[in-house]
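Below is one structure, written out as structure tokens; the observations come after it.
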Amino acid sequence: QVQLVESGGGLVQAGGSLRLSCAASGRTFNIYAMGWFRQAPGKEREFVAAITRSGRTTGYADSVKGRFTISVDNAENAVYLQMNSLKPEDTAVYYCAVHRNLYIGWVREAGLYDYWGQGTQVTVSS
């Protein structure tokens, strides 16, 4: 089992920044990739960004490319999401997720992730 705890959410004005953190514990040795997803009220959960545990490859949704940066700290068993130039449409609950499949790299499909955190609210005011 892997436990994931997100933190760093909050209320910020448009144009501002936030840094989300996700701490992993438990059987973390076989985590292969980590991702961030978000879900706004009335909408489906959507992919935001992902990274392989080595940190060598990353992927981003088009809507956040150039504004968000995902990174990993293996010593801390943590993954981060630096969010800059925030927009009201970034408002959502943000979830951290991990998978253990070394054959698929980072992926956008939520169904391929094995463990999920409880989420942290990000609210961007206009």
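The chains in the structure tokens are called A, B, ... from first to last as shown; in each chain the residues are counted from 1, and the ligands are counted from 1 in the order shown.
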
_Which residues are near A:Leu112? Cut-off 12 Å, only C-alpha atoms, ignore same chain within fewer than 5 positions. Put them as a list in words._
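What passes the distance filter is Tyr32, Ala33, Met34, Gly35, Phe47, Ala97, Val98, His99, Arg100, Asn101, Leu102, Tyr103, Ile104, Gly105, Trp106 and Val107 of chain A.
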
Please produce a file of the residues just selected, as a short mmCIF file (atom, residue, chain, number, x, y, z; two decimals), in the first residue's frame, where the atoms kept are C-alpha atoms.
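Writing the result to part31.cif gives the following:
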```cif
data_model
loop_
_atom_site.label_atom_id
_atom_site.label_comp_id
_atom_site.auth_asym_id
_atom_site.auth_seq_id
_atom_site.Cartn_x
_atom_site.Cartn_y
_atom_site.Cartn_z
CA TYR A 32 7.40 4.34 -11.24
CA ALA A 33 5.58 7.56 -12.07
CA MET A 34 3.59 10.26 -10.33
CA GLY A 35 0.91 12.55 -11.59
CA PHE A 47 -4.93 15.18 -16.20
CA ALA A 97 -1.56 9.85 -7.91
CA VAL A 98 1.13 7.22 -8.47
CA HIS A 99 1.50 4.05 -10.51
CA ARG A 100 3.92 1.13 -10.40
CA ASN A 101 4.01 0.03 -14.03
CA LEU A 102 7.50 0.55 -15.40
CA TYR A 103 6.38 -0.35 -18.92
CA ILE A 104 4.12 2.63 -19.49
CA GLY A 105 6.10 5.68 -18.34
CA TRP A 106 4.14 8.75 -17.39
CA VAL A 107 0.54 8.55 -18.52
#
```

*Find the residues around A:Ser54 up to 9 Å (only C-alpha atoms counted), leave out those fewer than 2 positions away in its own chain, and share them as a list in words.*
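Residues meeting the cut-off are Tyr32, Ala33, Ile51, Thr52, Arg56, Thr57, Val72 and Asn74 of chain A.
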
*7 Å contact set for A:Lys87, only C-alpha atoms, chain neighbours under 6 positions out, as a list of chain:residue names*: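 Within the cut-off, the hits are A:Ala14, A:Gly15, A:Val124.
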
_With only C-alpha atoms as the counted atoms, please give the residues lying no more than 7 Å from stretch 80-83 of chain A, apart from itself and same-chain residues fewer than 5 positions off, as a ChimeraX atom specification._
/A:17-22,67-72

Can I get the selection written as a short mmCIF file (atom, residue, chain, number, x, y, z; two decimals), in the first residue's frame, with C-alpha atoms?
```
data_model
loop_
_atom_site.label_atom_id
_atom_site.label_comp_id
_atom_site.auth_asym_id
_atom_site.auth_seq_id
_atom_site.Cartn_x
_atom_site.Cartn_y
_atom_site.Cartn_z
CA SER A 17 1.34 31.24 -7.69
CA LEU A 18 0.98 28.19 -5.50
CA ARG A 19 3.16 25.15 -4.90
CA LEU A 20 1.44 21.86 -4.23
CA SER A 21 3.23 19.03 -2.45
CA CYS A 22 2.43 15.34 -2.30
CA ARG A 67 2.66 27.77 -16.42
CA PHE A 68 2.95 24.64 -14.26
CA THR A 69 6.07 22.63 -13.45
CA ILE A 70 6.12 19.16 -11.94
CA SER A 71 9.15 17.89 -10.05
CA VAL A 72 10.12 14.96 -7.85
#
```

*Atom pair atom CA of A:Ala49 / atom CA of A:Gly26: separation (Å)*: 22.9 Å

*Rank nothing, just name the residue among A:Ser63, A:Asn30, A:Gln118, A:Gln13 nearest to A:Pro88, using only C-alpha atoms.*
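Going through A:Ser63, A:Asn30, A:Gln118, A:Gln13 one by one, the smallest distance to A:Pro88 is for A:Gln13.
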
*asked:* I'd like the interatomic distance between atom CA of A:Val12 and atom CA of A:Tyr115, to a tenth of an Å.
replied: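 Rounded to one decimal, the two atoms are 28.0 Å apart.
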
*From chain A, collect each residue whose DSSP state is strand (DSSP E or B) and return the set as a PyMOL selection string.*
chain A and resi 2-7+10-13+18-26+33-39+46-52+58-60+68-73+78-83+92-99+115-116+120-125

*Output as a count of residues only all residues of stretch 69-113 of chain A that backbone DSSP marks as helix (DSSP H, G or I).*
6

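Shortest atom-to-atom contact with A:Ala40 among A:Asp62, A:Asp73, A:Glu6, A:Asp90: A:Asp90, counting only C-alpha atoms.
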
*Have a look at A:Pro41, A:Gln3, A:Ala61, A:Ala78 and name the one nearest to A:Asp114; count only C-alpha atoms.*
A:Gln3

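One finds atom CA of A:Arg38 at 14.7 Å from atom CA of A:Lys65.
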
*Selection: 7 Å around A:Gly10, only C-alpha atoms, excl. self and same-chain fewer than 3 positions, as a PyMOL selection string*: chain A and resi 121-123

Please produce a file of the residues just selected, as a compact mmCIF listing (two decimals), in the first residue's frame, where the atoms kept are all heavy atoms.
```txt
# COMPACT_ATOMS: atom_id res chain seq x y z
N GLN A 121 -7.71 21.66 -2.17
CA GLN A 121 -8.49 22.66 -2.92
C GLN A 121 -7.61 23.83 -3.35
O GLN A 121 -6.87 24.40 -2.54
CB GLN A 121 -9.64 23.17 -2.06
CG GLN A 121 -10.46 24.28 -2.70
CD GLN A 121 -11.31 23.76 -3.84
OE1 GLN A 121 -11.98 22.74 -3.73
NE2 GLN A 121 -11.30 24.50 -4.97
N VAL A 122 -7.73 24.19 -4.60
CA VAL A 122 -7.09 25.39 -5.14
C VAL A 122 -8.20 26.28 -5.68
O VAL A 122 -9.00 25.85 -6.52
CB VAL A 122 -6.09 25.05 -6.26
CG1 VAL A 122 -5.60 26.32 -6.95
CG2 VAL A 122 -4.92 24.26 -5.70
N THR A 123 -8.25 27.50 -5.19
CA THR A 123 -9.25 28.46 -5.64
C THR A 123 -8.55 29.71 -6.13
O THR A 123 -7.76 30.31 -5.40
CB THR A 123 -10.22 28.82 -4.50
OG1 THR A 123 -10.84 27.62 -4.02
CG2 THR A 123 -11.30 29.77 -5.00
```
